>>> print(open('protein20.tsv').read())   # TSV, N, CA and C atoms
chain	number	residue	atom	x	y	z
A	1	MET	N	3.82	16.87	-20.85
A	1	MET	CA	3.70	16.82	-19.41
A	1	MET	C	3.44	15.37	-18.99
A	2	ASN	N	4.12	14.92	-17.98
A	2	ASN	CA	4.00	13.55	-17.46
A	2	ASN	C	3.24	13.60	-16.14
A	3	LYS	N	1.93	13.40	-16.18
A	3	LYS	CA	1.11	13.43	-14.97
A	3	LYS	C	0.05	12.34	-15.06
A	4	VAL	N	-0.05	11.56	-13.98
A	4	VAL	CA	-1.00	10.46	-13.92
A	4	VAL	C	-1.83	10.61	-12.65
A	5	ILE	N	-3.14	10.37	-12.76
A	5	ILE	CA	-4.01	10.35	-11.60
A	5	ILE	C	-4.75	9.01	-11.62
A	6	LEU	N	-4.60	8.23	-10.56
A	6	LEU	CA	-5.21	6.91	-10.47
A	6	LEU	C	-5.98	6.78	-9.16
A	7	THR	N	-7.12	6.12	-9.24
A	7	THR	CA	-7.89	5.81	-8.04
A	7	THR	C	-8.13	4.31	-8.03
A	8	GLY	N	-7.89	3.70	-6.89
A	8	GLY	CA	-8.08	2.26	-6.78
A	8	GLY	C	-7.88	1.78	-5.36
A	9	ARG	N	-7.81	0.47	-5.23
A	9	ARG	CA	-7.65	-0.14	-3.91
A	9	ARG	C	-6.23	-0.71	-3.77
A	10	VAL	N	-5.70	-0.55	-2.57
A	10	VAL	CA	-4.37	-1.07	-2.26
A	10	VAL	C	-4.45	-2.59	-2.24
A	11	SER	N	-3.59	-3.26	-3.01
A	11	SER	CA	-3.69	-4.72	-3.10
A	11	SER	C	-2.49	-5.46	-2.54
A	12	LYS	N	-1.32	-4.86	-2.57
A	12	LYS	CA	-0.12	-5.52	-2.05
A	12	LYS	C	0.83	-4.43	-1.58
A	13	ILE	N	1.38	-4.60	-0.38
A	13	ILE	CA	2.27	-3.58	0.19
A	13	ILE	C	3.62	-4.22	0.48
A	14	SER	N	4.68	-3.60	0.00
A	14	SER	CA	6.02	-4.09	0.32
A	14	SER	C	6.46	-3.51	1.67
A	15	LYS	N	7.51	-4.06	2.21
A	15	LYS	CA	8.04	-3.55	3.47
A	15	LYS	C	8.69	-2.19	3.23
A	16	PRO	N	8.50	-1.25	4.16
A	16	PRO	CA	9.15	0.06	4.01
A	16	PRO	C	10.67	-0.11	3.97
A	17	LYS	N	11.33	0.74	3.19
A	17	LYS	CA	12.79	0.68	3.04
A	17	LYS	C	13.38	2.05	3.32
A	18	GLN	N	14.63	2.05	3.69
A	18	GLN	CA	15.39	3.28	3.85
A	18	GLN	C	16.26	3.47	2.60
A	19	TYR	N	16.35	4.67	2.11
A	19	TYR	CA	17.30	4.98	1.06
A	19	TYR	C	18.08	6.21	1.50
A	20	GLU	N	19.05	6.63	0.73
A	20	GLU	CA	19.97	7.67	1.19
A	20	GLU	C	19.30	8.96	1.61
A	21	LYS	N	18.14	9.28	1.05
A	21	LYS	CA	17.48	10.55	1.38
A	21	LYS	C	16.30	10.40	2.33
A	22	GLY	N	15.85	9.19	2.64
A	22	GLY	CA	14.70	9.04	3.53
A	22	GLY	C	14.02	7.69	3.40
A	23	ASN	N	12.69	7.70	3.55
A	23	ASN	CA	11.89	6.48	3.52
A	23	ASN	C	11.32	6.23	2.13
A	24	LEU	N	11.03	4.95	1.87
A	24	LEU	CA	10.47	4.54	0.59
A	24	LEU	C	9.54	3.36	0.85
A	25	ILE	N	8.38	3.36	0.20
A	25	ILE	CA	7.49	2.20	0.26
A	25	ILE	C	6.85	2.04	-1.11
A	26	LYS	N	6.66	0.78	-1.50
A	26	LYS	CA	6.00	0.47	-2.78
A	26	LYS	C	4.77	-0.36	-2.49
A	27	PHE	N	3.75	-0.15	-3.30
A	27	PHE	CA	2.53	-0.97	-3.18
A	27	PHE	C	1.89	-1.08	-4.55
A	28	ASP	N	1.02	-2.07	-4.70
A	28	ASP	CA	0.26	-2.24	-5.93
A	28	ASP	C	-1.13	-1.64	-5.74
A	29	LEU	N	-1.54	-0.88	-6.72
A	29	LEU	CA	-2.86	-0.26	-6.72
A	29	LEU	C	-3.72	-0.99	-7.75
A	30	ALA	N	-4.83	-1.59	-7.32
A	30	ALA	CA	-5.75	-2.27	-8.22
A	30	ALA	C	-6.71	-1.23	-8.79
A	31	VAL	N	-6.58	-0.99	-10.09
A	31	VAL	CA	-7.39	0.02	-10.77
A	31	VAL	C	-8.41	-0.71	-11.62
A	32	LEU	N	-9.67	-0.42	-11.40
A	32	LEU	CA	-10.77	-1.08	-12.10
A	32	LEU	C	-10.90	-0.52	-13.51
A	33	ASN	N	-10.85	-1.40	-14.49
A	33	ASN	CA	-11.12	-1.01	-15.87
A	33	ASN	C	-12.60	-1.10	-16.14
A	34	GLU	N	-13.03	-0.54	-17.25
A	34	GLU	CA	-14.44	-0.63	-17.62
A	34	GLU	C	-14.84	-2.08	-17.81
A	35	LYS	N	-16.10	-2.38	-17.49
A	35	LYS	CA	-16.59	-3.74	-17.68
A	35	LYS	C	-16.77	-4.03	-19.15
A	36	HIS	N	-16.42	-5.24	-19.52
A	36	HIS	CA	-16.59	-5.68	-20.91
A	36	HIS	C	-18.02	-6.17	-21.12
A	37	SER	N	-18.36	-6.47	-22.32
A	37	SER	CA	-19.72	-6.90	-22.66
A	37	SER	C	-20.13	-8.16	-21.91
A	38	ASN	N	-19.18	-9.00	-21.50
A	38	ASN	CA	-19.53	-10.22	-20.78
A	38	ASN	C	-19.50	-10.01	-19.25
A	39	ASN	N	-19.56	-8.72	-18.82
A	39	ASN	CA	-19.59	-8.33	-17.41
A	39	ASN	C	-18.34	-8.71	-16.64
A	40	ASN	N	-17.28	-9.07	-17.31
A	40	ASN	CA	-16.00	-9.32	-16.64
A	40	ASN	C	-15.18	-8.04	-16.68
A	41	SER	N	-14.55	-7.73	-15.57
A	41	SER	CA	-13.68	-6.56	-15.57
A	41	SER	C	-12.24	-7.02	-15.41
A	42	ASN	N	-11.36	-6.32	-16.04
A	42	ASN	CA	-9.94	-6.60	-15.93
A	42	ASN	C	-9.30	-5.52	-15.10
A	43	ASP	N	-8.92	-5.84	-13.88
A	43	ASP	CA	-8.23	-4.87	-13.05
A	43	ASP	C	-6.78	-4.77	-13.50
A	44	GLU	N	-6.26	-3.58	-13.44
A	44	GLU	CA	-4.84	-3.35	-13.70
A	44	GLU	C	-4.17	-3.17	-12.34
A	45	PHE	N	-3.01	-3.76	-12.16
A	45	PHE	CA	-2.27	-3.61	-10.92
A	45	PHE	C	-1.03	-2.78	-11.23
A	46	ILE	N	-1.04	-1.55	-10.74
A	46	ILE	CA	0.01	-0.59	-11.02
A	46	ILE	C	0.88	-0.44	-9.78
A	47	GLU	N	2.20	-0.55	-9.96
A	47	GLU	CA	3.10	-0.36	-8.83
A	47	GLU	C	3.27	1.14	-8.56
A	48	ILE	N	3.08	1.51	-7.31
A	48	ILE	CA	3.19	2.90	-6.87
A	48	ILE	C	4.37	3.01	-5.92
A	49	THR	N	5.17	4.05	-6.06
A	49	THR	CA	6.29	4.30	-5.16
A	49	THR	C	6.06	5.61	-4.43
A	50	LEU	N	6.15	5.53	-3.11
A	50	LEU	CA	5.99	6.72	-2.25
A	50	LEU	C	7.31	7.00	-1.55
A	51	PHE	N	7.59	8.28	-1.33
A	51	PHE	CA	8.83	8.67	-0.68
A	51	PHE	C	8.55	9.49	0.58
A	52	ASP	N	9.47	9.44	1.50
A	52	ASP	CA	9.57	10.30	2.67
A	52	ASP	C	8.28	10.35	3.50
A	53	SER	N	7.72	11.54	3.75
A	53	SER	CA	6.57	11.65	4.66
A	53	SER	C	5.34	10.94	4.11
A	54	MET	N	5.20	10.90	2.78
A	54	MET	CA	4.07	10.16	2.20
A	54	MET	C	4.20	8.68	2.50
A	55	ALA	N	5.41	8.15	2.42
A	55	ALA	CA	5.66	6.73	2.73
A	55	ALA	C	5.38	6.46	4.20
A	56	THR	N	5.79	7.36	5.07
A	56	THR	CA	5.57	7.20	6.50
A	56	THR	C	4.08	7.22	6.82
A	57	ASN	N	3.34	8.18	6.26
A	57	ASN	CA	1.89	8.26	6.50
A	57	ASN	C	1.16	7.05	5.92
A	58	PHE	N	1.59	6.59	4.77
A	58	PHE	CA	0.98	5.41	4.16
A	58	PHE	C	1.12	4.21	5.09
A	59	ALA	N	2.34	3.97	5.57
A	59	ALA	CA	2.59	2.84	6.46
A	59	ALA	C	1.79	2.95	7.75
A	60	LYS	N	1.55	4.17	8.18
A	60	LYS	CA	0.86	4.42	9.44
A	60	LYS	C	-0.66	4.24	9.33
A	61	TYR	N	-1.24	4.64	8.20
A	61	TYR	CA	-2.70	4.73	8.11
A	61	TYR	C	-3.38	3.80	7.10
A	62	ILE	N	-2.67	3.26	6.13
A	62	ILE	CA	-3.32	2.54	5.03
A	62	ILE	C	-3.16	1.03	5.18
A	63	ASN	N	-4.23	0.32	4.87
A	63	ASN	CA	-4.25	-1.14	4.88
A	63	ASN	C	-4.62	-1.67	3.50
A	64	ILE	N	-4.37	-2.94	3.29
A	64	ILE	CA	-4.79	-3.58	2.04
A	64	ILE	C	-6.31	-3.47	1.93
A	65	GLY	N	-6.78	-3.10	0.75
A	65	GLY	CA	-8.21	-2.94	0.51
A	65	GLY	C	-8.69	-1.51	0.61
A	66	ASP	N	-7.90	-0.62	1.20
A	66	ASP	CA	-8.29	0.78	1.31
A	66	ASP	C	-8.26	1.46	-0.05
A	67	MET	N	-9.19	2.39	-0.25
A	67	MET	CA	-9.27	3.16	-1.49
A	67	MET	C	-8.38	4.39	-1.36
A	68	VAL	N	-7.53	4.61	-2.37
A	68	VAL	CA	-6.67	5.79	-2.39
A	68	VAL	C	-6.66	6.39	-3.79
A	69	GLU	N	-6.34	7.68	-3.85
A	69	GLU	CA	-6.13	8.35	-5.13
A	69	GLU	C	-4.69	8.83	-5.15
A	70	ILE	N	-4.00	8.52	-6.21
A	70	ILE	CA	-2.59	8.86	-6.36
A	70	ILE	C	-2.43	9.78	-7.56
A	71	SER	N	-1.63	10.81	-7.37
A	71	SER	CA	-1.23	11.68	-8.46
A	71	SER	C	0.29	11.63	-8.53
A	72	GLY	N	0.83	11.46	-9.73
A	72	GLY	CA	2.28	11.37	-9.83
A	72	GLY	C	2.77	11.30	-11.26
A	73	LYS	N	4.00	10.83	-11.39
A	73	LYS	CA	4.65	10.73	-12.69
A	73	LYS	C	4.80	9.28	-13.11
A	74	LEU	N	4.53	9.00	-14.37
A	74	LEU	CA	4.68	7.65	-14.92
A	74	LEU	C	6.16	7.38	-15.19
A	75	LYS	N	6.62	6.23	-14.74
A	75	LYS	CA	8.02	5.83	-14.94
A	75	LYS	C	8.00	4.45	-15.57
A	76	ILE	N	8.71	4.30	-16.70
A	76	ILE	CA	8.80	3.00	-17.37
A	76	ILE	C	10.25	2.53	-17.27
A	77	ASN	N	10.42	1.42	-16.58
A	77	ASN	CA	11.74	0.81	-16.43
A	77	ASN	C	11.84	-0.35	-17.39
A	78	SER	N	12.98	-0.49	-18.05
A	78	SER	CA	13.17	-1.65	-18.92
A	78	SER	C	14.51	-2.30	-18.57
A	79	TYR	N	14.50	-3.62	-18.65
A	79	TYR	CA	15.71	-4.39	-18.37
A	79	TYR	C	15.63	-5.71	-19.12
A	80	THR	N	16.76	-6.41	-19.18
A	80	THR	CA	16.81	-7.73	-19.80
A	80	THR	C	16.96	-8.77	-18.71
A	81	ASN	N	16.05	-9.74	-18.69
A	81	ASN	CA	16.10	-10.77	-17.65
A	81	ASN	C	17.13	-11.84	-17.98
A	82	LYS	N	17.23	-12.84	-17.12
A	82	LYS	CA	18.26	-13.88	-17.30
A	82	LYS	C	18.02	-14.74	-18.55
A	83	ASP	N	16.78	-14.74	-19.07
A	83	ASP	CA	16.48	-15.47	-20.31
A	83	ASP	C	16.66	-14.58	-21.54
A	84	HIS	N	17.28	-13.42	-21.36
A	84	HIS	CA	17.58	-12.46	-22.42
A	84	HIS	C	16.32	-11.89	-23.07
A	85	GLN	N	15.26	-11.80	-22.28
A	85	GLN	CA	14.03	-11.17	-22.76
A	85	GLN	C	13.99	-9.74	-22.23
A	86	LYS	N	13.58	-8.82	-23.06
A	86	LYS	CA	13.46	-7.43	-22.64
A	86	LYS	C	12.13	-7.25	-21.90
A	87	ILE	N	12.21	-6.76	-20.68
A	87	ILE	CA	11.04	-6.58	-19.82
A	87	ILE	C	10.83	-5.09	-19.58
A	88	LYS	N	9.58	-4.66	-19.68
A	88	LYS	CA	9.22	-3.28	-19.35
A	88	LYS	C	8.31	-3.32	-18.12
A	89	GLN	N	8.60	-2.45	-17.18
A	89	GLN	CA	7.83	-2.37	-15.95
A	89	GLN	C	7.34	-0.94	-15.78
A	90	VAL	N	6.04	-0.81	-15.55
A	90	VAL	CA	5.43	0.51	-15.38
A	90	VAL	C	5.21	0.75	-13.90
A	91	GLU	N	5.59	1.94	-13.42
A	91	GLU	CA	5.29	2.32	-12.05
A	91	GLU	C	5.02	3.81	-12.01
A	92	VAL	N	4.42	4.25	-10.92
A	92	VAL	CA	4.12	5.66	-10.74
A	92	VAL	C	4.86	6.15	-9.51
A	93	TYR	N	5.62	7.24	-9.67
A	93	TYR	CA	6.24	7.92	-8.54
A	93	TYR	C	5.24	8.96	-8.06
A	94	ALA	N	4.69	8.75	-6.87
A	94	ALA	CA	3.60	9.59	-6.38
A	94	ALA	C	4.09	10.96	-5.93
A	95	ASP	N	3.33	11.98	-6.31
A	95	ASP	CA	3.55	13.34	-5.83
A	95	ASP	C	2.59	13.67	-4.70
A	96	SER	N	1.38	13.09	-4.78
A	96	SER	CA	0.38	13.32	-3.73
A	96	SER	C	-0.52	12.10	-3.61
A	97	MET	N	-1.15	11.99	-2.44
A	97	MET	CA	-2.02	10.85	-2.16
A	97	MET	C	-3.21	11.35	-1.34
A	98	ILE	N	-4.39	10.88	-1.73
A	98	ILE	CA	-5.60	11.20	-0.99
A	98	ILE	C	-6.19	9.88	-0.51
A	99	TYR	N	-6.52	9.81	0.77
A	99	TYR	CA	-7.18	8.62	1.29
A	99	TYR	C	-8.31	9.05	2.18
A	100	SER	N	-9.26	8.15	2.40
A	100	SER	CA	-10.47	8.51	3.12
A	100	SER	C	-10.21	8.53	4.62
A	101	LEU	N	-11.05	9.27	5.33
A	101	LEU	CA	-10.97	9.30	6.78
A	101	LEU	C	-11.31	7.94	7.37
A	102	LYS	N	-12.06	7.13	6.60
A	102	LYS	CA	-12.41	5.79	7.05
A	102	LYS	C	-11.13	4.97	7.29
A	103	SER	N	-10.14	5.13	6.43
A	103	SER	CA	-8.87	4.43	6.59
A	103	SER	C	-8.22	4.81	7.91
A	104	LEU	N	-8.22	6.11	8.20
A	104	LEU	CA	-7.63	6.60	9.43
A	104	LEU	C	-8.38	6.06	10.65
A	105	LYS	N	-9.72	6.10	10.60
A	105	LYS	CA	-10.52	5.61	11.74
A	105	LYS	C	-10.32	4.11	11.94
A	106	ASN	N	-10.31	3.34	10.85
A	106	ASN	CA	-10.11	1.89	10.96
A	106	ASN	C	-8.76	1.57	11.60
A	107	LYS	N	-7.73	2.29	11.19
A	107	LYS	CA	-6.39	2.05	11.72
A	107	LYS	C	-6.35	2.39	13.21
A	108	GLU	N	-6.98	3.51	13.60
A	108	GLU	CA	-6.99	3.91	15.01
A	108	GLU	C	-7.76	2.89	15.85
A	109	GLN	N	-8.89	2.40	15.33
A	109	GLN	CA	-9.67	1.39	16.07
A	109	GLN	C	-8.88	0.10	16.22
A	110	LYS	N	-8.18	-0.31	15.16
A	110	LYS	CA	-7.39	-1.53	15.21
A	110	LYS	C	-6.27	-1.39	16.24
A	111	GLN	N	-5.58	-0.24	16.25
A	111	GLN	CA	-4.51	-0.01	17.21
A	111	GLN	C	-5.05	0.03	18.63
A	112	SER	N	-6.23	0.62	18.81
A	112	SER	CA	-6.85	0.68	20.13
A	112	SER	C	-7.15	-0.71	20.65
A	113	LYS	N	-7.70	-1.58	19.78
A	113	LYS	CA	-7.99	-2.96	20.17
A	113	LYS	C	-6.71	-3.71	20.50
A	114	GLU	N	-5.65	-3.51	19.69
A	114	GLU	CA	-4.37	-4.17	19.96
A	114	GLU	C	-3.79	-3.72	21.29
A	115	ASN	N	-3.92	-2.43	21.59
A	115	ASN	CA	-3.43	-1.91	22.87
A	115	ASN	C	-4.21	-2.51	24.03
A	116	GLN	N	-5.52	-2.66	23.88
A	116	GLN	CA	-6.33	-3.26	24.94
A	116	GLN	C	-5.91	-4.70	25.18
A	117	ILE	N	-5.65	-5.44	24.12
A	117	ILE	CA	-5.24	-6.84	24.25
A	117	ILE	C	-3.86	-6.92	24.89
A	118	SER	N	-2.93	-6.07	24.43
A	118	SER	CA	-1.57	-6.15	24.96
A	118	SER	C	-1.49	-5.64	26.40
A	119	ASN	N	-2.42	-4.77	26.80
A	119	ASN	CA	-2.43	-4.27	28.17
A	119	ASN	C	-3.17	-5.20	29.13
A	120	PHE	N	-3.83	-6.23	28.59
A	120	PHE	CA	-4.56	-7.18	29.41
A	120	PHE	C	-3.58	-8.15	30.04
A	121	GLU	N	-3.50	-8.11	31.35
A	121	GLU	CA	-2.58	-9.00	32.06
A	121	GLU	C	-3.38	-9.84	33.05
A	122	PHE	N	-2.87	-10.99	33.35
A	122	PHE	CA	-3.52	-11.82	34.35
A	122	PHE	C	-2.47	-12.61	35.10
A	123	ASP	N	-2.87	-13.09	36.25
A	123	ASP	CA	-1.96	-13.87	37.08
A	123	ASP	C	-2.22	-15.34	36.84
A	124	TYR	N	-1.26	-16.02	36.26
A	124	TYR	CA	-1.41	-17.41	35.90
A	124	TYR	C	-1.72	-18.28	37.10
A	125	GLU	N	-1.10	-18.01	38.23
A	125	GLU	CA	-1.34	-18.80	39.44
A	125	GLU	C	-2.80	-18.70	39.88
A	126	GLU	N	-3.36	-17.54	39.75
A	126	GLU	CA	-4.74	-17.32	40.17
A	126	GLU	C	-5.70	-18.15	39.32
A	127	ILE	N	-5.47	-18.25	38.03
A	127	ILE	CA	-6.34	-19.01	37.13
A	127	ILE	C	-6.16	-20.51	37.39
A	128	LYS	N	-4.98	-20.89	37.72
A	128	LYS	CA	-4.66	-22.30	37.90
A	128	LYS	C	-5.42	-22.92	39.08
A	129	GLN	N	-5.69	-22.17	40.11
A	129	GLN	CA	-6.37	-22.70	41.31
A	129	GLN	C	-7.76	-22.97	41.04
>>> encode(input="protein20.tsv", output="structure tokens")
Amino acid sequence: MNKVILTGRVSKISKPKQYEKGNLIKFDLAVLNEKHSNNNSNDEFIEITLFDSMATNFAKYINIGDMVEISGKLKINSYTNKDHQKIKQVEVYADSMIYSLKSLKNKEQKQSKENQISNFEFDYEEIKQ
């Protein structure tokens, strides 16, 4: 069975893309590894791929730094680069995503503030006098 469950913070988000069946978005999830004896931790950055409504909701509600839990399938892509080196890339195709209500509230507050700023109008002539 190919099933992965990861919890971490969103660290890098690519621009949403359209593909033949719907929406697609990729992001890097920073997953904290156990601390070593010298108190240094090595975070792993795993590329996550979301499709369709999950991609739409992610773009709508999630920001860099937000904590999310992803459940999905591990996909290993391999290719040969221009220097003829074989490269393996690990990514997770998400089946489900859990995020905190804090993410939703932060996004709504940010949008509310942006709306207040964009709705603020003034008369330049009036200020000039």
>>> atom_distance(input="protein20.tsv", atom1="atom C of Ser53 in chain A", atom2="atom N of Asp28 in chain A")
16.3 Å
>>> residues_around(input="protein20.tsv", residues="Met67 in chain A", least_positions_apart="3", cutoff="8 Å", atoms="only N, CA and C atoms", output="PyMOL selection string")
chain A and resi 7-10+62-64+70+98-100+103
>>> atom_distance(input="protein20.tsv", atom1="CA of Asp83 in chain A", atom2="CA of Glu47 in chain A")
23.2 Å
>>> residues_around(input="protein20.tsv", residues="Phe45 in chain A", least_positions_apart="5", cutoff="5 Å", atoms="only N, CA and C atoms", output="PDB file with N, CA and C atoms, keeping the file's coordinate frame")
ATOM      1  N   LEU A  29      -1.540  -0.880  -6.720  1.00  0.00           N
ATOM      2  CA  LEU A  29      -2.860  -0.260  -6.720  1.00  0.00           C
ATOM      3  C   LEU A  29      -3.720  -0.990  -7.750  1.00  0.00           C
ATOM      4  N   ALA A  30      -4.830  -1.590  -7.320  1.00  0.00           N
ATOM      5  CA  ALA A  30      -5.750  -2.270  -8.220  1.00  0.00           C
ATOM      6  C   ALA A  30      -6.710  -1.230  -8.790  1.00  0.00           C
ATOM      7  N   VAL A  31      -6.580  -0.990 -10.090  1.00  0.00           N
ATOM      8  CA  VAL A  31      -7.390   0.020 -10.770  1.00  0.00           C
ATOM      9  C   VAL A  31      -8.410  -0.710 -11.620  1.00  0.00           C
TER      10      VAL A  31
END
>>> atom_distance(input="protein20.tsv", atom1="atom N of Val68 in chain A", atom2="atom N of Phe27 in chain A")
12.3 Å
>>> closest_residue(input="protein20.tsv", among="A:Ala94, A:Ala55, A:Glu20, A:Lys88", to="Leu74 in chain A", atoms="only N, CA and C atoms")
A:Ala94
>>> residues_near_point(input="protein20.tsv", point="(9.8, 6.1, 4.5)", cutoff="6 Å", atoms="all atoms listed in the file", output="PyMOL selection string")
chain A and resi 17+22-25+51-53+55-56
>>> select_by_dssp(input="protein20.tsv", residues="range 3-115 of chain A", states="alpha helix (DSSP H)", output="JSON, numbers by chain")
{"A": [52, 53, 54, 55, 56, 57, 58, 59, 60, 61, 101, 102, 103, 104, 105, 106, 107, 108, 109, 110, 111, 112, 113, 114, 115]}
>>> closest_residue(input="protein20.tsv", among="A:Tyr93, A:Asn81, A:Lys75, A:Gly65", to="Leu50 in chain A", atoms="all atoms listed in the file")
A:Tyr93
>>> closest_residue(input="protein20.tsv", among="A:Ile13, A:Met97, A:Asn2, A:Glu34", to="Glu69 in chain A", atoms="all atoms listed in the file")
A:Met97
>>> select_by_dssp(input="protein20.tsv", residues="range 4-109 of chain A", states="strand (DSSP E)", output="NGL selection string")
:A and (4-13 or 17-19 or 22-31 or 44-51 or 67-80 or 86-99)
>>> residues_around(input="protein20.tsv", residues="Ser71 in chain A", least_positions_apart="2", cutoff="5 Å", atoms="only N, CA and C atoms", output="PyMOL selection string")
chain A and resi 4-5+69+73+94-96
>>> write_last_selection(input="protein20.tsv", atoms="N, CA and C atoms", output="compact mmCIF listing (two decimals), in the frame of the given file")
# COMPACT_ATOMS: atom_id res chain seq x y z
N VAL A 4 -0.05 11.56 -13.98
CA VAL A 4 -1.00 10.46 -13.92
C VAL A 4 -1.83 10.61 -12.65
N ILE A 5 -3.14 10.37 -12.76
CA ILE A 5 -4.01 10.35 -11.60
C ILE A 5 -4.75 9.01 -11.62
N GLU A 69 -6.34 7.68 -3.85
CA GLU A 69 -6.13 8.35 -5.13
C GLU A 69 -4.69 8.83 -5.15
N LYS A 73 4.00 10.83 -11.39
CA LYS A 73 4.65 10.73 -12.69
C LYS A 73 4.80 9.28 -13.11
N ALA A 94 4.69 8.75 -6.87
CA ALA A 94 3.60 9.59 -6.38
C ALA A 94 4.09 10.96 -5.93
N ASP A 95 3.33 11.98 -6.31
CA ASP A 95 3.55 13.34 -5.83
C ASP A 95 2.59 13.67 -4.70
N SER A 96 1.38 13.09 -4.78
CA SER A 96 0.38 13.32 -3.73
C SER A 96 -0.52 12.10 -3.61
>>> closest_residue(input="protein20.tsv", among="A:Asp43, A:Leu6, A:Lys86, A:Pro16", to="Ala59 in chain A", atoms="only N, CA and C atoms")
A:Pro16
>>> closest_residue(input="protein20.tsv", among="A:Ser14, A:Met1, A:Gln89, A:Tyr19", to="Phe58 in chain A", atoms="only C-alpha atoms")
A:Ser14
